[in-house]
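File shown here: data03.cif, holding mmCIF, C-alpha atoms and all ligand atoms.
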data_entry
#
loop_
_atom_site.label_atom_id
_atom_site.label_comp_id
_atom_site.auth_asym_id
_atom_site.auth_seq_id
_atom_site.Cartn_x
_atom_site.Cartn_y
_atom_site.Cartn_z
CA MET A 1 -7.05 -48.45 32.41
CA LEU A 2 -6.25 -51.97 33.55
CA PRO A 3 -2.68 -53.18 33.08
CA LEU A 4 -2.27 -55.71 30.32
CA PRO A 5 -1.54 -59.31 31.32
CA SER A 6 2.19 -59.72 31.78
CA SER A 7 2.48 -62.34 29.05
CA THR A 8 1.22 -59.88 26.45
CA SER A 9 3.17 -56.91 27.66
CA LYS A 10 6.59 -58.61 27.78
CA ARG A 11 6.42 -61.44 25.38
CA ASN A 12 9.94 -62.68 25.75
CA ARG A 13 10.56 -62.15 29.40
CA THR A 14 12.35 -65.12 30.96
CA TYR A 15 11.22 -66.66 34.18
CA PHE A 16 14.71 -66.85 35.65
CA PRO A 17 16.21 -63.55 34.71
CA SER A 18 19.81 -64.69 35.23
CA LEU A 19 20.45 -64.60 31.52
CA PRO A 20 20.16 -61.29 29.76
CA ALA A 21 16.96 -61.11 27.75
CA ASN A 22 16.68 -60.11 24.11
CA HIS A 23 20.20 -61.17 23.22
CA ASN A 24 19.27 -64.42 21.53
CA HIS A 25 21.55 -63.85 18.58
CA ASN A 26 24.57 -64.08 20.91
CA LEU A 27 23.63 -67.43 22.44
CA SER A 28 24.59 -70.97 21.48
CA SER A 29 21.74 -73.18 20.23
CA SER A 30 21.36 -75.13 23.48
CA GLN A 31 21.18 -71.91 25.41
CA GLN A 32 18.58 -70.73 22.94
CA ILE A 33 16.42 -73.75 23.63
CA LEU A 34 16.82 -73.23 27.35
CA GLN A 35 15.95 -69.66 26.87
CA THR A 36 12.83 -70.52 24.94
CA LEU A 37 11.73 -73.07 27.52
CA ARG A 38 12.31 -70.67 30.35
CA SER A 39 10.12 -67.98 28.92
CA ARG A 40 7.08 -67.85 31.15
CA THR A 41 4.41 -69.20 28.77
CA ARG A 42 6.71 -72.00 27.58
CA LEU A 43 7.43 -72.99 31.15
CA THR A 44 3.72 -73.41 31.78
CA ASN A 45 3.40 -75.50 28.63
CA LEU A 46 6.34 -77.63 29.68
CA ALA A 47 4.84 -78.20 33.14
CA VAL A 48 1.48 -79.15 31.64
CA PHE A 49 3.20 -81.45 29.19
CA LEU A 50 5.17 -83.18 31.97
CA LEU A 51 2.05 -83.57 34.10
CA LEU A 52 0.10 -85.07 31.21
CA PHE A 53 2.99 -87.41 30.46
CA CYS A 54 3.07 -88.71 34.05
CA LEU A 55 -0.70 -88.98 34.13
CA SER A 56 -0.95 -91.02 30.94
CA GLY A 57 1.91 -93.26 32.08
CA SER A 58 0.13 -93.95 35.33
CA LEU A 59 -3.16 -94.48 33.50
CA ILE A 60 -1.61 -97.07 31.20
CA LEU A 61 -0.03 -98.91 34.12
CA ASN A 62 -3.31 -98.92 36.02
CA LEU A 63 -5.30 -100.14 33.04
CA ASN A 64 -2.75 -102.88 32.54
CA TYR A 65 -3.09 -103.86 36.16
CA LEU A 66 -6.87 -103.81 36.07
CA LEU A 67 -7.42 -105.55 32.77
CA ILE A 68 -4.99 -108.43 32.96
CA PRO A 69 -6.34 -110.42 35.92
CA SER A 70 -9.90 -110.39 34.54
CA SER A 71 -8.81 -111.07 30.98
CA ASN A 72 -10.17 -114.21 29.39
CA THR A 73 -7.83 -114.31 26.46
CA PHE A 74 -6.08 -117.62 26.14
CA SER A 75 -2.62 -116.26 26.85
CA SER A 76 -3.42 -113.60 29.39
CA THR A 77 0.03 -112.19 29.76
CA SER A 78 1.38 -109.08 31.32
CA SER A 79 3.03 -107.82 28.18
CA SER A 80 4.60 -105.01 30.17
CA ARG A 81 7.02 -107.53 31.55
CA PHE A 82 8.43 -108.24 28.12
CA ARG A 83 9.28 -104.75 27.01
CA ASN A 84 12.33 -104.80 24.75
CA GLY A 85 12.40 -108.59 25.07
CA LYS A 86 13.63 -108.23 28.64
CA VAL A 87 11.99 -109.92 31.58
CA HIS A 88 11.73 -107.63 34.56
CA SER A 89 12.66 -109.86 37.44
CA LYS A 90 10.21 -110.15 40.33
CA GLY A 91 11.71 -113.16 42.05
CA TRP A 92 9.73 -116.14 40.68
CA ASP A 93 10.39 -114.79 37.20
CA ASP A 94 14.02 -115.87 37.43
CA LEU A 95 12.98 -119.51 37.24
CA ALA A 96 10.13 -119.17 34.78
CA THR A 97 10.11 -119.85 31.07
CA LEU A 98 8.38 -117.50 28.68
CA SER A 99 5.37 -119.79 28.33
CA GLN A 100 5.09 -120.06 32.11
CA LEU A 101 5.12 -116.29 32.38
CA ARG A 102 2.37 -116.14 29.78
CA SER A 103 0.20 -118.92 31.19
CA GLY A 104 -1.69 -116.72 33.65
CA ILE A 105 -0.98 -119.33 36.35
CA PRO A 106 0.69 -118.24 39.61
CA LEU A 107 4.45 -118.59 39.18
CA SER A 108 4.87 -120.06 42.65
CA ILE A 109 3.06 -123.11 41.24
CA GLU A 110 4.14 -122.99 37.59
CA THR A 111 7.83 -122.91 38.45
CA THR A 112 7.53 -126.27 40.26
CA ILE A 113 6.36 -128.00 37.10
CA GLU A 114 8.47 -129.55 34.39
CA ARG A 115 6.83 -131.89 31.88
CA ASP A 116 8.48 -134.46 29.67
CA SER A 117 7.90 -133.10 26.16
CA ARG A 118 6.01 -136.28 25.20
CA TYR A 119 3.05 -135.27 27.37
CA ASN A 120 2.40 -132.42 25.00
CA ASP A 121 1.89 -134.94 22.16
CA LEU A 122 -1.07 -136.60 23.89
CA ASP A 123 -4.41 -135.55 22.42
CA HIS A 124 -6.92 -138.19 23.56
CA LEU A 125 -8.59 -138.13 26.96
CA ILE A 126 -9.91 -141.47 28.23
CA MET A 127 -11.99 -140.82 31.33
CA VAL A 128 -13.28 -143.41 33.81
CA PRO A 129 -15.71 -141.82 36.28
CA GLY A 130 -15.58 -143.21 39.83
CA HIS A 131 -18.66 -144.57 41.56
CA ALA A 132 -17.32 -145.63 44.94
CA ILE A 133 -14.15 -145.82 47.03
CA TRP A 134 -12.04 -148.96 47.17
CA LEU A 135 -10.35 -149.28 50.56
CA GLY A 136 -8.47 -152.50 49.98
CA HIS A 137 -4.91 -153.51 49.34
CA ASP A 138 -5.53 -157.08 48.31
CA ALA A 139 -6.76 -157.22 44.73
CA SER A 140 -7.91 -160.83 45.13
CA LYS A 141 -10.80 -159.52 47.28
CA VAL A 142 -11.74 -156.68 44.97
CA ASN A 143 -15.13 -158.19 44.17
CA GLU A 144 -16.15 -158.28 47.83
CA ASN A 145 -18.28 -155.42 49.08
CA ASP A 146 -16.37 -155.12 52.37
CA ASP A 147 -13.36 -153.67 50.60
CA TRP A 148 -15.44 -150.76 49.33
CA ILE A 149 -17.38 -147.80 50.67
CA LEU A 150 -20.76 -148.36 49.01
CA GLU A 151 -24.25 -146.93 49.01
CA PRO A 152 -26.88 -149.57 49.90
CA MET A 153 -28.04 -149.73 46.27
CA GLN A 154 -24.47 -150.46 45.12
CA LYS A 155 -24.21 -153.71 47.05
CA GLY A 156 -25.75 -155.99 44.46
CA GLY A 157 -22.62 -156.81 42.51
CA SER A 158 -21.88 -153.32 41.17
CA VAL A 159 -18.24 -153.50 42.26
CA ARG A 160 -17.60 -156.06 39.53
CA THR A 161 -18.80 -153.45 37.03
CA TYR A 162 -16.45 -150.82 38.47
CA VAL A 163 -13.54 -153.20 37.95
CA LYS A 164 -14.68 -153.76 34.35
CA HIS A 165 -14.72 -149.98 33.77
CA ILE A 166 -11.14 -149.75 35.00
CA GLN A 167 -10.01 -152.71 32.89
CA ARG A 168 -11.69 -151.34 29.77
CA GLY A 169 -10.16 -147.91 30.35
CA VAL A 170 -6.70 -149.48 30.41
CA GLU A 171 -7.50 -151.52 27.27
CA GLU A 172 -8.42 -148.32 25.43
CA LEU A 173 -5.21 -146.73 26.71
CA LYS A 174 -3.16 -149.60 25.25
CA LYS A 175 -4.73 -149.01 21.83
CA ASP A 176 -3.57 -145.40 21.59
CA ASN A 177 -0.08 -144.13 22.41
CA LYS A 178 -1.43 -140.58 22.40
CA ALA A 179 -4.05 -141.20 25.07
CA LEU A 180 -4.08 -140.16 28.71
CA LEU A 181 -6.25 -142.21 31.07
CA VAL A 182 -7.88 -140.13 33.79
CA PHE A 183 -9.73 -141.70 36.71
CA SER A 184 -12.10 -139.05 38.00
CA GLY A 185 -13.94 -138.60 41.30
CA GLY A 186 -13.56 -136.75 44.58
CA ALA A 187 -13.58 -137.77 48.23
CA THR A 188 -17.37 -137.95 48.15
CA ARG A 189 -18.21 -140.14 51.14
CA VAL A 190 -18.89 -139.01 54.68
CA PRO A 191 -16.86 -140.30 57.64
CA PRO A 192 -16.10 -143.02 58.63
CA SER A 193 -14.96 -143.10 54.99
CA PRO A 194 -11.42 -141.67 54.84
CA PRO A 195 -10.85 -138.48 52.80
CA LEU A 196 -9.72 -140.67 49.92
CA PRO A 197 -10.81 -139.58 46.44
CA GLU A 198 -12.63 -142.18 44.34
CA ALA A 199 -10.12 -141.50 41.57
CA LEU A 200 -7.13 -142.35 43.74
CA SER A 201 -8.77 -145.54 44.94
CA TYR A 202 -9.42 -146.59 41.31
CA HIS A 203 -5.80 -145.84 40.46
CA ASN A 204 -4.67 -147.94 43.44
CA LEU A 205 -6.95 -150.72 42.26
CA ALA A 206 -5.56 -150.61 38.72
CA HIS A 207 -2.06 -151.00 40.17
CA ALA A 208 -3.15 -153.75 42.55
CA LEU A 209 -4.59 -155.65 39.57
CA ASP A 210 -1.26 -155.14 37.80
CA LEU A 211 -2.95 -153.32 34.94
CA LEU A 212 -0.46 -150.46 34.99
CA PRO A 213 2.98 -152.00 35.60
CA SER A 214 5.39 -149.45 37.07
CA THR A 215 8.12 -148.33 34.74
CA LEU A 216 10.50 -145.41 34.79
CA ILE A 217 10.17 -142.67 32.26
CA PRO A 218 11.97 -143.84 29.09
CA ALA A 219 14.83 -141.59 28.03
CA GLU A 220 14.15 -139.07 25.32
CA GLN A 221 16.43 -140.05 22.46
CA GLY A 222 16.61 -137.30 19.90
CA GLU A 223 13.96 -137.50 17.19
CA SER A 224 12.69 -141.02 17.78
CA LYS A 225 11.05 -140.75 21.17
CA ALA A 226 9.86 -143.94 22.84
CA PRO A 227 6.19 -143.56 23.75
CA LEU A 228 5.35 -143.01 27.41
CA SER A 229 4.49 -146.28 29.11
CA LEU A 230 1.00 -147.05 30.45
CA ASN A 231 1.53 -146.11 34.09
CA LEU A 232 2.96 -142.74 33.05
CA ARG A 233 -0.19 -142.06 31.06
CA ALA A 234 -2.61 -142.75 33.91
CA ALA A 235 -3.63 -139.77 36.03
CA THR A 236 -6.22 -138.97 38.69
CA GLU A 237 -8.77 -136.16 38.84
CA GLU A 238 -9.61 -135.99 42.52
CA HIS A 239 -12.31 -133.32 42.88
CA ALA A 240 -15.39 -134.06 40.75
CA LEU A 241 -18.62 -134.33 42.75
CA ASP A 242 -20.96 -135.40 39.92
CA SER A 243 -20.88 -136.70 36.36
CA TYR A 244 -20.80 -133.25 34.77
CA GLU A 245 -17.76 -132.39 36.86
CA ASN A 246 -16.22 -135.78 35.96
CA LEU A 247 -16.13 -134.67 32.34
CA LEU A 248 -15.32 -130.98 32.87
CA PHE A 249 -12.64 -131.51 35.51
CA SER A 250 -10.95 -134.38 33.67
CA ILE A 251 -10.55 -132.05 30.67
CA ALA A 252 -8.99 -129.49 33.03
CA ARG A 253 -6.79 -132.23 34.50
CA PHE A 254 -5.73 -133.24 30.97
CA LYS A 255 -4.55 -129.66 30.50
CA GLU A 256 -2.56 -129.79 33.75
CA VAL A 257 -0.75 -132.96 32.72
CA THR A 258 -0.18 -132.27 29.02
CA ASP A 259 -0.31 -128.46 28.81
CA ARG A 260 -2.96 -128.71 26.08
CA TYR A 261 -6.60 -129.67 25.61
CA PRO A 262 -7.78 -133.01 24.20
CA ARG A 263 -8.92 -133.39 20.60
CA ARG A 264 -10.76 -136.61 21.34
CA ILE A 265 -12.57 -137.86 24.42
CA THR A 266 -13.58 -141.41 25.31
CA VAL A 267 -15.66 -142.06 28.43
CA VAL A 268 -15.92 -145.56 29.92
CA GLY A 269 -18.90 -145.78 32.26
CA TYR A 270 -22.37 -147.16 32.87
CA GLY A 271 -24.39 -147.94 29.73
CA MET A 272 -27.47 -146.21 31.11
CA LYS A 273 -25.52 -142.95 31.48
CA GLU A 274 -24.55 -142.75 27.81
CA ARG A 275 -27.31 -140.25 26.93
CA ARG A 276 -26.44 -138.11 29.93
CA PHE A 277 -22.78 -137.85 28.92
CA THR A 278 -23.23 -137.64 25.15
CA ASN A 279 -26.35 -135.52 24.80
CA LEU A 280 -26.01 -133.33 27.88
CA HIS A 281 -22.52 -133.04 29.41
CA ARG A 282 -20.61 -133.15 26.12
CA SER A 283 -23.10 -130.74 24.60
CA ALA A 284 -22.88 -128.40 27.61
CA LEU A 285 -19.10 -128.22 27.11
CA SER A 286 -19.61 -127.67 23.39
CA PHE A 287 -17.23 -130.52 22.59
CA PRO A 288 -17.78 -131.86 19.03
CA LEU A 289 -19.94 -134.97 18.87
CA SER A 290 -17.75 -136.52 16.17
CA ASN A 291 -14.73 -136.51 18.53
CA PHE A 292 -16.57 -138.04 21.47
CA THR A 293 -16.98 -141.76 22.19
CA TYR A 294 -18.93 -143.37 25.01
CA ILE A 295 -18.28 -146.98 26.01
CA GLY A 296 -21.12 -148.25 28.19
CA ILE A 297 -20.80 -151.25 30.53
CA ASN A 298 -23.76 -152.12 32.77
CA ASP A 299 -24.17 -154.37 35.77
CA ASP A 300 -24.50 -157.98 34.76
CA LEU A 301 -28.22 -158.30 35.48
CA PRO A 302 -31.05 -159.83 33.43
CA ASP A 303 -33.32 -156.82 33.90
CA LEU A 304 -31.89 -153.31 33.85
CA SER A 305 -35.18 -151.44 33.42
CA LYS A 306 -35.07 -150.10 36.98
CA HIS A 307 -31.57 -148.72 36.37
CA TYR A 308 -32.73 -146.94 33.21
CA ALA A 309 -35.86 -145.56 34.90
CA GLY A 310 -33.74 -144.28 37.80
CA GLU A 311 -31.22 -142.71 35.45
CA LEU A 312 -33.99 -140.88 33.59
CA LYS A 313 -35.57 -139.53 36.77
CA PHE A 314 -32.54 -138.73 38.92
CA GLY A 315 -29.82 -138.15 36.32
CA PHE A 316 -30.90 -137.24 32.82
CA LYS A 317 -33.91 -135.02 33.54
CA PRO A 318 -32.33 -132.93 36.30
CA PHE A 319 -29.26 -132.34 34.10
CA MET A 320 -31.50 -131.55 31.13
CA ASN A 321 -33.05 -128.76 33.22
CA SER A 322 -29.77 -127.61 34.78
CA PRO A 323 -26.82 -128.56 32.53
CA THR A 324 -24.15 -127.63 35.06
CA GLY A 325 -26.00 -128.96 38.11
CA CYS A 326 -26.14 -125.56 39.80
CA HIS A 327 -29.81 -125.85 40.84
CA PRO A 328 -31.55 -128.26 43.24
CA PRO A 329 -31.79 -131.21 43.35
CA LEU A 330 -28.33 -131.55 41.75
CA SER A 331 -26.69 -128.74 43.71
CA THR A 332 -28.07 -130.22 46.95
CA LYS A 333 -26.48 -133.56 46.10
CA LYS A 334 -23.11 -131.87 45.63
CA LEU A 335 -23.41 -130.30 49.08
CA LEU A 336 -23.59 -133.79 50.57
CA ARG A 337 -20.66 -135.02 48.50
CA ASN A 338 -17.97 -132.72 49.80
CA PRO A 339 -17.81 -133.72 53.49
CA TYR A 340 -14.07 -133.04 53.70
CA ILE A 341 -14.42 -129.47 52.42
CA LYS A 342 -12.05 -129.79 49.48
CA TYR A 343 -11.41 -126.94 47.05
CA HIS A 344 -10.54 -127.92 43.50
CA PRO A 345 -7.50 -126.28 41.85
CA TYR A 346 -8.79 -125.85 38.31
CA HIS A 347 -9.52 -122.12 38.45
CA ILE A 348 -5.81 -121.72 39.09
CA SER A 349 -4.55 -124.25 36.54
CA ASN A 350 -7.11 -123.43 33.82
CA PRO A 351 -7.74 -119.67 33.95
CA GLN A 352 -9.10 -119.86 30.39
CA LEU A 353 -12.06 -121.92 31.67
CA THR A 354 -13.11 -119.55 34.47
CA GLU A 355 -16.32 -118.51 32.74
CA LEU A 356 -17.23 -122.11 32.04
CA PHE A 357 -16.62 -123.17 35.66
CA GLU A 358 -18.99 -120.43 36.85
CA TRP A 359 -21.59 -120.97 34.13
CA CYS A 360 -25.06 -121.44 35.65
CA PRO A 361 -27.81 -121.17 33.01
CA PRO A 362 -31.31 -120.55 34.40
CA LEU A 363 -33.36 -123.56 35.37
CA GLN A 364 -35.34 -124.79 32.36
CA ASP A 365 -38.51 -126.74 32.08
CA HIS A 366 -38.43 -129.19 29.21
CA LYS A 367 -41.08 -131.31 27.64
CA GLU A 368 -40.76 -134.68 29.32
CA PHE A 369 -40.64 -138.07 27.66
CA ASP A 370 -41.22 -141.35 29.40
CA SER A 371 -38.14 -143.21 28.31
CA LEU A 372 -34.46 -142.43 27.82
CA ASP A 373 -34.69 -143.68 24.24
CA ASP A 374 -37.10 -140.85 23.43
CA TYR A 375 -34.25 -138.43 24.10
CA ARG A 376 -31.99 -140.00 21.48
CA ASP A 377 -31.92 -136.87 19.31
CA VAL A 378 -32.37 -134.30 22.05
CA TYR A 379 -29.31 -132.32 23.06
CA GLY A 380 -28.93 -130.05 26.04
CA THR A 381 -27.89 -126.42 26.18
CA SER A 382 -24.33 -125.59 25.10
CA PHE A 383 -22.01 -123.05 26.64
CA SER A 384 -21.87 -120.28 24.07
CA GLY A 385 -18.68 -118.51 25.18
CA ARG A 386 -15.21 -119.05 23.78
CA LEU A 387 -13.57 -122.33 24.65
CA PRO A 388 -10.02 -123.50 23.91
CA TRP A 389 -11.28 -126.58 22.02
CA ASN A 390 -13.65 -124.42 19.97
CA SER A 391 -11.44 -121.41 19.72
CA ASP A 392 -13.43 -119.74 16.97
CA GLY A 393 -16.29 -119.63 19.47
CA SER A 394 -18.72 -121.31 17.11
CA VAL A 395 -20.56 -124.49 17.99
CA ALA A 396 -20.85 -127.57 15.84
CA ASP A 397 -23.85 -127.91 13.52
CA ASP A 398 -25.76 -130.46 15.50
CA GLU A 399 -25.53 -128.31 18.59
CA GLN A 400 -26.50 -125.16 16.75
CA VAL A 401 -29.74 -126.82 15.67
CA MET A 402 -30.62 -127.75 19.25
CA TRP A 403 -29.60 -124.37 20.57
CA ASP A 404 -32.03 -122.73 18.17
CA ARG A 405 -34.77 -125.13 19.10
CA GLU A 406 -34.34 -124.36 22.77
CA ARG A 407 -34.60 -120.66 22.24
CA ASP A 408 -38.10 -121.08 20.79
C1 LIG B 501 -11.63 -133.68 16.10
O1 LIG B 501 -10.83 -134.69 15.57
C2 LIG B 501 -10.19 -134.38 14.33
C3 LIG B 501 -9.47 -135.62 13.88
O2 LIG B 501 -8.66 -136.16 14.89
C4 LIG B 501 -9.24 -133.21 14.55
O3 LIG B 501 -8.61 -132.84 13.36
C5 LIG B 501 -10.02 -132.03 15.12
O4 LIG B 501 -9.13 -130.98 15.43
C6 LIG B 501 -10.77 -132.45 16.37
N1 LIG B 501 -11.61 -131.36 16.82
C7 LIG B 501 -11.36 -130.72 17.98
C8 LIG B 501 -12.31 -129.61 18.27
O5 LIG B 501 -10.46 -130.99 18.70
#

Kindly present the structure from the file in structure tokens form.
Amino acid sequence: MLPLPSSTSKRNRTYFPSLPANHNHNLSSSQQILQTLRSRTRLTNLAVFLLLFCLSGSLILNLNYLLIPSSNTFSSTSSSRFRNGKVHSKGWDDLATLSQLRSGIPLSIETTIERDSRYNDLDHLIMVPGHAIWLGHDASKVNENDDWILEPMQKGGSVRTYVKHIQRGVEELKKDNKALLVFSGGATRVPPSPPLPEALSYHNLAHALDLLPSTLIPAEQGESKAPLSLNLRAATEEHALDSYENLLFSIARFKEVTDRYPRRITVVGYGMKERRFTNLHRSALSFPLSNFTYIGINDDLPDLSKHYAGELKFGFKPFMNSPTGCHPPLSTKKLLRNPYIKYHPYHISNPQLTELFEWCPPLQDHKEFDSLDDYRDVYGTSFSGRLPWNSDGSVADDEQVMWDRERD
């Protein structure tokens, strides 16, 4: 006959037989527990329990590590750092505030930034898209083509229109203490143009024209805070390579400056591009139509029909078919507009917009009309993911209608 397994034959045998077995009644309670744990089957249970404990701990840590970088929640935070309300120091953490730790932005950058609290009160983005680069220093010659880097077709007096866009942008800024003016446009011109962003050149021009007089930041005095002066509410967005990026990146830039997203947007640009911005770019970003204003100023010419025909063919229609400009011919144009190989920083500063930045809906083929006016009530495809300015993820009614129509 086979011997019985040891665990059944000697139920209470201890693994370390230093203590006498079967004398439990003589032992103190702690010794009893030890005794119980040391019995062979218990010891196996204890070992299994400890192994499982370590395993699950490691699993949780790994999941945490894996999930947090790819998380698209608006405050992607490593909650493990805040256990028991304590911050576990990792160097940069010493300098960081709680909201910086939670921002999902690298601390080596976040800890260099301190905003006056008044920036957080701004809620209105006024964007002036750049069209060319002003090289000058002398504002009295601003209307002369030589002071600008221009395409051949821009040499017929367009620079006067660019100056009007800048002036109107500043006028709108004066009307609203809660507005931030953003000049937008990258270093889009090939050498011999310098690697100077259009936006920076517009900002220089605004200063040269004395539109944004330099003042120091007014002191914060308790409750009644003086509003930020004009020059402190004028920023540059120096990376956009086309009009869609003008709008998208200036929203991201607004977030950098104010630590929030705008509730209202005003764009000051060419009149013929109104449909493109309002019906396509705004719609693509799912920004509510009721909170969006476009101020159009055209070249001072008797006949603008060529401008409108060109806009329809080379601007509106391509963006209608590819709302984010990720297909030719728009993507090809962008290739030519980044001669200085600049990388924009908005993935880092706006991690909550990552999906939107990478959004590339398939090329569409729309029914074509002959005139821009025929597109008055036609809206382009909207991004359907979650966005900070539409945090419930739903899109406004007018966009929903179009979205449904496009699915047909
Ligand atoms: C649109 O503007 C209204 C009024 O200013 C505001 O209450 C609302 O939050 C804005 N909508 C968005 C999505 O910002």

Restricting the calculation to only C-alpha atoms and all ligand atoms, which member of A:Glu368, A:Leu135, A:Met127, A:Leu285 is positioned closest to ligand LIG 501 (chain B)?
->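 For ligand LIG 501 (chain B), the nearest of the candidates is A:Leu285.
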
Could you give me the residues within 8 Å of ligand LIG 501 (chain B), counting all atoms listed in the file, as a PDB file with C-alpha atoms, in the coordinates of the input?
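Listing of part.pdb after writing:
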ATOM      1  CA  PRO A 262      -7.780-133.010  24.200  1.00  0.00           C
ATOM      2  CA  ARG A 263      -8.920-133.390  20.600  1.00  0.00           C
ATOM      3  CA  ARG A 264     -10.760-136.610  21.340  1.00  0.00           C
ATOM      4  CA  PHE A 287     -17.230-130.520  22.590  1.00  0.00           C
ATOM      5  CA  PRO A 288     -17.780-131.860  19.030  1.00  0.00           C
ATOM      6  CA  SER A 290     -17.750-136.520  16.170  1.00  0.00           C
ATOM      7  CA  ASN A 291     -14.730-136.510  18.530  1.00  0.00           C
ATOM      8  CA  TRP A 389     -11.280-126.580  22.020  1.00  0.00           C
ATOM      9  CA  ASN A 390     -13.650-124.420  19.970  1.00  0.00           C
TER      10      ASN A 390
END

So what do you get for CA of Phe357 in chain A versus CA of Tyr261 in chain A, distance-wise?
-> 15.6 Å

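Compared by their closest atoms to His344 in chain A, and using all atoms listed in the file, the residues A:Ala284, A:Ala240, A:Thr278, A:Pro388 rank with A:Ala240 nearest.
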
Could you work out how far CA of Ala252 in chain A lies from CA of Pro194 in chain A, giving the answer in Å with one decimal?
->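 These atoms are spaced 25.1 Å apart.
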
By how many Å are CA of Asp176 in chain A and CA of Pro218 in chain A apart?
->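 Pair CA of Asp176 in chain A / CA of Pro218 in chain A returns 17.3 Å.
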
Proximity to Pro318 in chain A - best of A:Leu335, A:Leu363, A:Val378, A:Cys54, all atoms listed in the file = A:Leu363

Please determine the residues with any atom at most 10 Å from (-20.6, -120.7, 25.5) (coordinates as given in the file, with all atoms listed in the file counting) and report them as a ChimeraX atom specification.
-> /A:284-286,355-356,359,381-387,390,393-395

Which residues, written as a compact mmCIF listing (two decimals) with C-alpha atoms, keeping the file's coordinate frame, have at least one atom at most 7 Å from Ile295 in chain A, with all atoms listed in the file counted and residues fewer than 5 positions away on the same chain left out?
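The result, stored in around-v3.txt:
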# COMPACT_ATOMS: atom_id res chain seq x y z
CA VAL A 267 -15.66 -142.06 28.43
CA VAL A 268 -15.92 -145.56 29.92
CA GLY A 269 -18.90 -145.78 32.26

Of the residues A:Val257, A:Ile297, A:Val48, A:Ile251, which is the one nearest to Ile166 in chain A, using only C-alpha atoms?
->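 Comparing A:Val257, A:Ile297, A:Val48, A:Ile251 against Ile166 in chain A, the winner is A:Ile297.
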
Could you pull the residues within 8 Å of Gly169 in chain A, counting only C-alpha atoms, minus those fewer than 2 positions along the same chain, as a PyMOL selection string?
-> chain A and resi 126-128+165-167+171-173+181+268

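The closest residue to Met272 in chain A, picked from A:Asp373, A:Glu256, A:Asp242, A:Asp365 and counting all atoms listed in the file, is A:Asp373.
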
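When all atoms listed in the file are used to measure the gap to Tyr119 in chain A, the shortest distance among A:Leu55, A:Leu228, A:Leu61, A:Leu280 belongs to A:Leu228.
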
Leaving out range 140-147 of chain A and any residue of its chain fewer than 6 positions from it, which residues lie within 10 Å of it when counting only C-alpha atoms, given as a PyMOL selection string?
-> chain A and resi 133-134+154-163+205+208-209

Kindly save the residues from that selection, with C-alpha atoms included, as a PDB file, in the frame of the given file.
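New file selection13.pdb:
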ATOM      1  CA  ILE A 133     -14.150-145.820  47.030  1.00  0.00           C
ATOM      2  CA  TRP A 134     -12.040-148.960  47.170  1.00  0.00           C
ATOM      3  CA  GLN A 154     -24.470-150.460  45.120  1.00  0.00           C
ATOM      4  CA  LYS A 155     -24.210-153.710  47.050  1.00  0.00           C
ATOM      5  CA  GLY A 156     -25.750-155.990  44.460  1.00  0.00           C
ATOM      6  CA  GLY A 157     -22.620-156.810  42.510  1.00  0.00           C
ATOM      7  CA  SER A 158     -21.880-153.320  41.170  1.00  0.00           C
ATOM      8  CA  VAL A 159     -18.240-153.500  42.260  1.00  0.00           C
ATOM      9  CA  ARG A 160     -17.600-156.060  39.530  1.00  0.00           C
ATOM     10  CA  THR A 161     -18.800-153.450  37.030  1.00  0.00           C
ATOM     11  CA  TYR A 162     -16.450-150.820  38.470  1.00  0.00           C
ATOM     12  CA  VAL A 163     -13.540-153.200  37.950  1.00  0.00           C
ATOM     13  CA  LEU A 205      -6.950-150.720  42.260  1.00  0.00           C
ATOM     14  CA  ALA A 208      -3.150-153.750  42.550  1.00  0.00           C
ATOM     15  CA  LEU A 209      -4.590-155.650  39.570  1.00  0.00           C
TER      16      LEU A 209
END

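Residues having any atom no farther than 12 Å from (5.8, -124.5, 42.0) (counting only C-alpha atoms) are Trp92, Asp93, Leu95, Ala96, Gln100, Ile105, Pro106, Leu107, Ser108, Ile109, Glu110, Thr111, Thr112, Ile113, Glu114 and Ser349 of chain A.
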